[in-house]
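Structure first, commentary second.
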Amino acid sequence: SQAFRFGATGVEEARHNAWETFEALERLESINGLDGFPSRTFERIGFKFSDPERWHPAQDGRWEWKAHTSSDEIAAHTFGCAVLYETTARTEAEKKRILTFYDKIISHIVRNNYYLIDVDGQPTLWGRWHPEYVNHYPPSIGDRRLNSAEIIAMLQFAQHITGKSLYREKA
């Protein structure tokens, strides 16, 4: 919302807030030590309320991060990065910061055969875009169309900001 606010008004406070939010997205990816895997969330040790089996300690010993990231989080990262990139990133360094972050996530998905691979080495329940998974649904099931549209959009955005032809080929 703050990136939209900045894009519409030019208010510096909104720009600052948008980048502060982006820092939290970056932390979701860096807190767990899994290259390109964004955590579902993170919290100070002792504050988790549900799914205790999905929480893991961060290396600093003060934080925990939640695994089991879904396609919803990746769609949100895509949307957030696209809005920030198009409305708020002013310099090449800022654009590079966004593309580096997003490229890590999409590289993880492509490298792992269109699956989001969790801390246990297995695909998360909903982080699945591989054609075998997507196409096992009957054509009338919404997830089939949704997951197909998501992976195409993610790859196209990644190609747009990185210039990597690999993403266009994969799309």
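Residue names in the structure tokens use chain letters A, B, ... in the order shown, residue numbers from 1 in each chain, and ligand numbers from 1 in the order shown.
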
Inset, instruction - Any chance you could list, as a list in words, the residues in region 19-165 of chain A that come up strand (DSSP E or B) when DSSP is run on the backbone? - result: Thr41, Phe42, Glu43, Arg44, Trp55, His56, Pro57, Trp63, Glu64, Trp65, Lys66, Tyr115, Leu116, Ile117, Pro123, Thr124, Leu125, Trp126, Gly127 and Arg128 of chain A

Output N, CA, C and O atoms for every residue in the selection just made, as a CSV table (one decimal), in the first residue's frame.
```
chain,number,residue,atom,x,y,z
A,41,THR,N,6.7,-17.0,7.8
A,41,THR,CA,6.7,-15.8,8.7
A,41,THR,C,7.9,-16.0,9.7
A,41,THR,O,8.6,-17.1,9.6
A,42,PHE,N,8.2,-15.1,10.5
A,42,PHE,CA,9.2,-15.2,11.6
A,42,PHE,C,8.7,-14.5,12.8
A,42,PHE,O,7.8,-13.6,12.7
A,43,GLU,N,9.2,-14.9,13.9
A,43,GLU,CA,8.7,-14.4,15.2
A,43,GLU,C,9.9,-14.5,16.2
A,43,GLU,O,10.7,-15.4,16.1
A,44,ARG,N,9.8,-13.7,17.3
A,44,ARG,CA,10.8,-13.9,18.4
A,44,ARG,C,10.5,-15.3,19.0
A,44,ARG,O,9.4,-15.7,19.1
A,55,TRP,N,7.8,-24.7,13.0
A,55,TRP,CA,8.7,-23.6,13.4
A,55,TRP,C,10.1,-24.2,13.6
A,55,TRP,O,10.3,-25.3,14.1
A,56,HIS,N,11.1,-23.3,13.2
A,56,HIS,CA,12.5,-23.7,13.3
A,56,HIS,C,13.3,-22.5,13.9
A,56,HIS,O,13.0,-21.4,13.5
A,57,PRO,N,14.3,-22.8,14.7
A,57,PRO,CA,15.1,-21.7,15.2
A,57,PRO,C,16.0,-21.1,14.1
A,57,PRO,O,16.6,-21.8,13.3
A,63,TRP,N,15.3,-15.7,17.2
A,63,TRP,CA,14.1,-15.8,16.3
A,63,TRP,C,13.8,-17.2,15.9
A,63,TRP,O,14.7,-18.1,15.9
A,64,GLU,N,12.6,-17.4,15.5
A,64,GLU,CA,12.2,-18.6,14.9
A,64,GLU,C,11.5,-18.3,13.5
A,64,GLU,O,10.9,-17.2,13.4
A,65,TRP,N,11.6,-19.2,12.6
A,65,TRP,CA,10.9,-19.0,11.3
A,65,TRP,C,10.0,-20.1,11.0
A,65,TRP,O,10.2,-21.2,11.5
A,66,LYS,N,8.9,-19.8,10.3
A,66,LYS,CA,7.9,-20.9,10.0
A,66,LYS,C,8.1,-21.4,8.6
A,66,LYS,O,8.2,-20.6,7.7
A,115,TYR,N,8.8,-26.6,-7.9
A,115,TYR,CA,8.3,-26.8,-6.5
A,115,TYR,C,9.1,-25.9,-5.6
A,115,TYR,O,10.2,-25.6,-5.8
A,116,LEU,N,8.4,-25.5,-4.5
A,116,LEU,CA,9.0,-24.8,-3.4
A,116,LEU,C,9.5,-25.8,-2.4
A,116,LEU,O,8.6,-26.5,-1.8
A,117,ILE,N,10.8,-26.0,-2.3
A,117,ILE,CA,11.3,-27.1,-1.4
A,117,ILE,C,11.5,-26.6,0.0
A,117,ILE,O,12.3,-25.6,0.2
A,123,PRO,N,8.7,-30.8,-1.3
A,123,PRO,CA,7.8,-29.7,-1.6
A,123,PRO,C,6.8,-29.3,-0.5
A,123,PRO,O,6.4,-30.2,0.2
A,124,THR,N,6.6,-28.0,-0.4
A,124,THR,CA,5.6,-27.6,0.6
A,124,THR,C,4.2,-28.1,0.0
A,124,THR,O,4.1,-28.4,-1.1
A,125,LEU,N,3.2,-28.1,0.9
A,125,LEU,CA,1.9,-28.6,0.5
A,125,LEU,C,1.3,-27.8,-0.7
A,125,LEU,O,0.8,-28.4,-1.6
A,126,TRP,N,1.5,-26.5,-0.7
A,126,TRP,CA,0.9,-25.7,-1.8
A,126,TRP,C,1.9,-25.0,-2.7
A,126,TRP,O,1.4,-24.3,-3.6
A,127,GLY,N,3.2,-25.1,-2.4
A,127,GLY,CA,4.2,-24.5,-3.3
A,127,GLY,C,4.5,-25.4,-4.5
A,127,GLY,O,5.6,-25.8,-4.6
A,128,ARG,N,3.5,-25.6,-5.3
A,128,ARG,CA,3.7,-26.6,-6.4
A,128,ARG,C,3.1,-26.0,-7.7
A,128,ARG,O,2.0,-25.7,-7.8
```

Legend entry - Glu29 (chain A) surroundings by only C-alpha atoms, 8 Å radius, close-in-sequence under 5 positions cut, as a ChimeraX atom specification: /A:34-39

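Closest to Gly7 (chain A) among A:Asp120, A:Glu86, A:Glu20, A:Asp143 is A:Glu86, based on only C-alpha atoms.
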
Inset, instruction - Excluding Ala153 (chain A) and any residue of its chain fewer than 5 positions from it, enumerate the residues within 12 Å of it, using only C-alpha atoms, and give them as a list of chain:residue names. - result: A:Ile74, A:Ala75, A:Ala76, A:His77, A:Thr78, A:Phe79, A:Ala82, A:Ile106, A:Trp129, A:Leu146, A:Asn147, A:Ser148, A:Ala158, A:Gln159, A:His160, A:Tyr167, A:Arg168, A:Lys170, A:Ala171

Using N, CA and C atoms, can you export the residues from the last selection as an mmCIF file, in the first residue's frame?
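Listed below is the output, selection_37.cif:
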```cif
data_model
loop_
_atom_site.group_PDB
_atom_site.id
_atom_site.type_symbol
_atom_site.label_atom_id
_atom_site.label_comp_id
_atom_site.auth_asym_id
_atom_site.auth_seq_id
_atom_site.Cartn_x
_atom_site.Cartn_y
_atom_site.Cartn_z
ATOM 1 N N ILE A 74 4.151 -16.696 -2.217
ATOM 2 C CA ILE A 74 4.948 -16.384 -3.406
ATOM 3 C C ILE A 74 4.190 -15.416 -4.306
ATOM 4 N N ALA A 75 2.891 -15.596 -4.437
ATOM 5 C CA ALA A 75 2.077 -14.645 -5.211
ATOM 6 C C ALA A 75 2.149 -13.253 -4.571
ATOM 7 N N ALA A 76 2.112 -13.192 -3.254
ATOM 8 C CA ALA A 76 2.196 -11.898 -2.563
ATOM 9 C C ALA A 76 3.561 -11.257 -2.762
ATOM 10 N N HIS A 77 4.631 -12.048 -2.705
ATOM 11 C CA HIS A 77 5.974 -11.516 -2.967
ATOM 12 C C HIS A 77 6.056 -10.970 -4.396
ATOM 13 N N THR A 78 5.474 -11.707 -5.330
ATOM 14 C CA THR A 78 5.487 -11.261 -6.720
ATOM 15 C C THR A 78 4.785 -9.917 -6.852
ATOM 16 N N PHE A 79 3.605 -9.822 -6.297
ATOM 17 C CA PHE A 79 2.839 -8.581 -6.366
ATOM 18 C C PHE A 79 3.597 -7.432 -5.697
ATOM 19 N N ALA A 82 6.672 -6.384 -7.694
ATOM 20 C CA ALA A 82 6.297 -5.695 -8.930
ATOM 21 C C ALA A 82 5.863 -4.260 -8.648
ATOM 22 N N ILE A 106 12.629 -17.191 -7.528
ATOM 23 C CA ILE A 106 12.223 -17.859 -8.768
ATOM 24 C C ILE A 106 13.287 -18.866 -9.195
ATOM 25 N N TRP A 129 4.034 -25.900 -8.705
ATOM 26 C CA TRP A 129 3.621 -25.401 -10.020
ATOM 27 C C TRP A 129 4.037 -26.354 -11.136
ATOM 28 N N LEU A 146 -5.312 -21.442 -11.564
ATOM 29 C CA LEU A 146 -4.614 -20.505 -10.697
ATOM 30 C C LEU A 146 -3.114 -20.773 -10.688
ATOM 31 N N ASN A 147 -2.716 -22.015 -10.452
ATOM 32 C CA ASN A 147 -1.288 -22.334 -10.392
ATOM 33 C C ASN A 147 -0.613 -22.101 -11.741
ATOM 34 N N SER A 148 -1.316 -22.399 -12.826
ATOM 35 C CA SER A 148 -0.757 -22.150 -14.156
ATOM 36 C C SER A 148 -0.535 -20.661 -14.367
ATOM 37 N N ALA A 158 9.942 -12.166 -13.536
ATOM 38 C CA ALA A 158 11.369 -12.418 -13.323
ATOM 39 C C ALA A 158 12.166 -12.081 -14.584
ATOM 40 N N GLN A 159 11.644 -12.464 -15.731
ATOM 41 C CA GLN A 159 12.334 -12.145 -16.994
ATOM 42 C C GLN A 159 12.358 -10.633 -17.213
ATOM 43 N N HIS A 160 11.275 -9.977 -16.913
ATOM 44 C CA HIS A 160 11.174 -8.522 -17.101
ATOM 45 C C HIS A 160 12.239 -7.784 -16.295
ATOM 46 N N TYR A 167 14.010 -17.448 -18.052
ATOM 47 C CA TYR A 167 12.645 -17.322 -17.529
ATOM 48 C C TYR A 167 11.613 -17.267 -18.643
ATOM 49 N N ARG A 168 11.952 -16.624 -19.742
ATOM 50 C CA ARG A 168 11.022 -16.607 -20.884
ATOM 51 C C ARG A 168 10.901 -18.012 -21.458
ATOM 52 N N LYS A 170 11.300 -20.855 -19.879
ATOM 53 C CA LYS A 170 10.539 -21.697 -18.946
ATOM 54 C C LYS A 170 9.057 -21.366 -18.981
ATOM 55 N N ALA A 171 8.734 -20.083 -19.151
ATOM 56 C CA ALA A 171 7.320 -19.691 -19.253
ATOM 57 C C ALA A 171 6.702 -20.320 -20.492
#
```

Inset, instruction - May I have the residues within 12 Å of Phe22 (chain A) as a ChimeraX atom specification, using only C-alpha atoms and disregarding those fewer than 4 positions away in the same chain? - result: /A:1-3,15-18,26-29,76-85,88-89,94,97-98,101-102

Take the residues that were just selected and, keeping N, CA, C and O atoms, output them as a compact mmCIF listing (two decimals), in the first residue's frame.
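What follows is the written file result-v3.txt:
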```txt
# COMPACT_ATOMS: atom_id res chain seq x y z
N SER A 1 0.83 -1.20 0.00
CA SER A 1 0.00 0.00 0.00
C SER A 1 0.86 1.25 0.00
O SER A 1 0.52 2.25 -0.62
N GLN A 2 1.99 1.19 0.69
CA GLN A 2 2.85 2.37 0.77
C GLN A 2 3.55 2.64 -0.55
O GLN A 2 3.78 3.80 -0.90
N ALA A 3 3.86 1.60 -1.30
CA ALA A 3 4.44 1.81 -2.64
C ALA A 3 3.41 2.46 -3.55
O ALA A 3 3.74 3.37 -4.32
N ARG A 15 7.42 6.26 0.75
CA ARG A 15 8.57 5.58 0.13
C ARG A 15 9.40 4.86 1.20
O ARG A 15 9.77 3.70 1.04
N HIS A 16 9.66 5.56 2.28
CA HIS A 16 10.40 4.96 3.40
C HIS A 16 9.66 3.74 3.95
O HIS A 16 10.27 2.69 4.19
N ASN A 17 8.36 3.87 4.15
CA ASN A 17 7.56 2.75 4.66
C ASN A 17 7.57 1.57 3.72
O ASN A 17 7.63 0.41 4.15
N ALA A 18 7.52 1.83 2.42
CA ALA A 18 7.54 0.74 1.43
C ALA A 18 8.86 -0.02 1.51
O ALA A 18 8.87 -1.26 1.49
N GLU A 26 12.75 -9.40 2.62
CA GLU A 26 14.12 -9.91 2.49
C GLU A 26 14.46 -10.80 3.69
O GLU A 26 15.11 -11.84 3.52
N ARG A 27 14.03 -10.40 4.85
CA ARG A 27 14.33 -11.19 6.06
C ARG A 27 13.63 -12.55 6.02
O ARG A 27 14.18 -13.54 6.50
N LEU A 28 12.45 -12.60 5.44
CA LEU A 28 11.77 -13.90 5.30
C LEU A 28 12.63 -14.89 4.54
O LEU A 28 12.62 -16.09 4.83
N GLU A 29 13.38 -14.41 3.58
CA GLU A 29 14.24 -15.30 2.78
C GLU A 29 15.58 -15.56 3.47
O GLU A 29 16.11 -16.65 3.40
N ALA A 76 2.11 -13.19 -3.25
CA ALA A 76 2.20 -11.90 -2.56
C ALA A 76 3.56 -11.26 -2.76
O ALA A 76 3.66 -10.04 -2.98
N HIS A 77 4.63 -12.05 -2.71
CA HIS A 77 5.97 -11.52 -2.97
C HIS A 77 6.06 -10.97 -4.40
O HIS A 77 6.64 -9.91 -4.63
N THR A 78 5.47 -11.71 -5.33
CA THR A 78 5.49 -11.26 -6.72
C THR A 78 4.78 -9.92 -6.85
O THR A 78 5.32 -8.97 -7.45
N PHE A 79 3.61 -9.82 -6.30
CA PHE A 79 2.84 -8.58 -6.37
C PHE A 79 3.60 -7.43 -5.70
O PHE A 79 3.76 -6.35 -6.27
N GLY A 80 4.07 -7.68 -4.49
CA GLY A 80 4.79 -6.64 -3.76
C GLY A 80 6.04 -6.17 -4.48
O GLY A 80 6.30 -4.97 -4.57
N CYS A 81 6.81 -7.11 -4.99
CA CYS A 81 8.04 -6.75 -5.71
C CYS A 81 7.70 -5.97 -6.98
O CYS A 81 8.39 -4.99 -7.32
N ALA A 82 6.67 -6.38 -7.69
CA ALA A 82 6.30 -5.69 -8.93
C ALA A 82 5.86 -4.26 -8.65
O ALA A 82 6.29 -3.32 -9.34
N VAL A 83 5.05 -4.07 -7.63
CA VAL A 83 4.59 -2.72 -7.30
C VAL A 83 5.76 -1.85 -6.85
O VAL A 83 5.92 -0.71 -7.30
N LEU A 84 6.60 -2.39 -5.98
CA LEU A 84 7.76 -1.63 -5.51
C LEU A 84 8.69 -1.29 -6.67
O LEU A 84 9.15 -0.15 -6.79
N TYR A 85 8.94 -2.25 -7.53
CA TYR A 85 9.83 -2.04 -8.67
C TYR A 85 9.30 -0.95 -9.60
O TYR A 85 10.05 -0.09 -10.06
N THR A 88 8.33 2.65 -6.91
CA THR A 88 9.12 3.19 -5.81
C THR A 88 10.62 3.13 -6.04
O THR A 88 11.34 4.00 -5.56
N ALA A 89 11.09 2.13 -6.75
CA ALA A 89 12.53 2.00 -6.99
C ALA A 89 12.97 3.11 -7.95
O ALA A 89 12.54 3.15 -9.09
N GLU A 94 18.43 0.29 -6.30
CA GLU A 94 17.16 -0.15 -5.70
C GLU A 94 16.50 -1.21 -6.57
O GLU A 94 15.98 -2.21 -6.06
N ARG A 97 18.31 -4.44 -6.09
CA ARG A 97 17.97 -5.05 -4.80
C ARG A 97 16.71 -5.90 -4.93
O ARG A 97 16.65 -7.03 -4.45
N ILE A 98 15.69 -5.37 -5.59
CA ILE A 98 14.45 -6.11 -5.79
C ILE A 98 14.69 -7.30 -6.70
O ILE A 98 14.27 -8.42 -6.39
N PHE A 101 16.57 -10.17 -4.95
CA PHE A 101 15.68 -10.88 -4.03
C PHE A 101 14.73 -11.79 -4.79
O PHE A 101 14.61 -12.99 -4.50
N TYR A 102 14.05 -11.24 -5.78
CA TYR A 102 13.05 -12.02 -6.50
C TYR A 102 13.68 -13.12 -7.33
O TYR A 102 13.15 -14.24 -7.41
```

Legend entry - Straight-line distance linking CA of Leu25 (chain A) with CA of Arg54 (chain A), stated in Å to one decimal: 18.9 Å

Legend entry - Residue with smallest distance to Lys104 (chain A) - pool A:Arg144, A:Ser30, A:Gln59, A:Lys48, counting only C-alpha atoms: A:Ser30

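Interatomic distance, CA of Glu73 (chain A) against CA of Phe6 (chain A): 23.2 Å.
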
Inset, instruction - Please identify which residues in region 41-135 of chain A DSSP calls helix (DSSP H, G or I) from the backbone, and express them as a PyMOL selection string. - result: chain A and resi 52-54+71-87+92-111+131-134

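Proximity to Phe4 (chain A) was assessed for A:Thr87, A:His136, A:Gln156, A:Lys95 counting only C-alpha atoms; the smallest distance is recorded for A:Thr87.
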
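For the pair CA of Gly61 (chain A) and CA of Thr21 (chain A), the interatomic distance is 23.0 Å.
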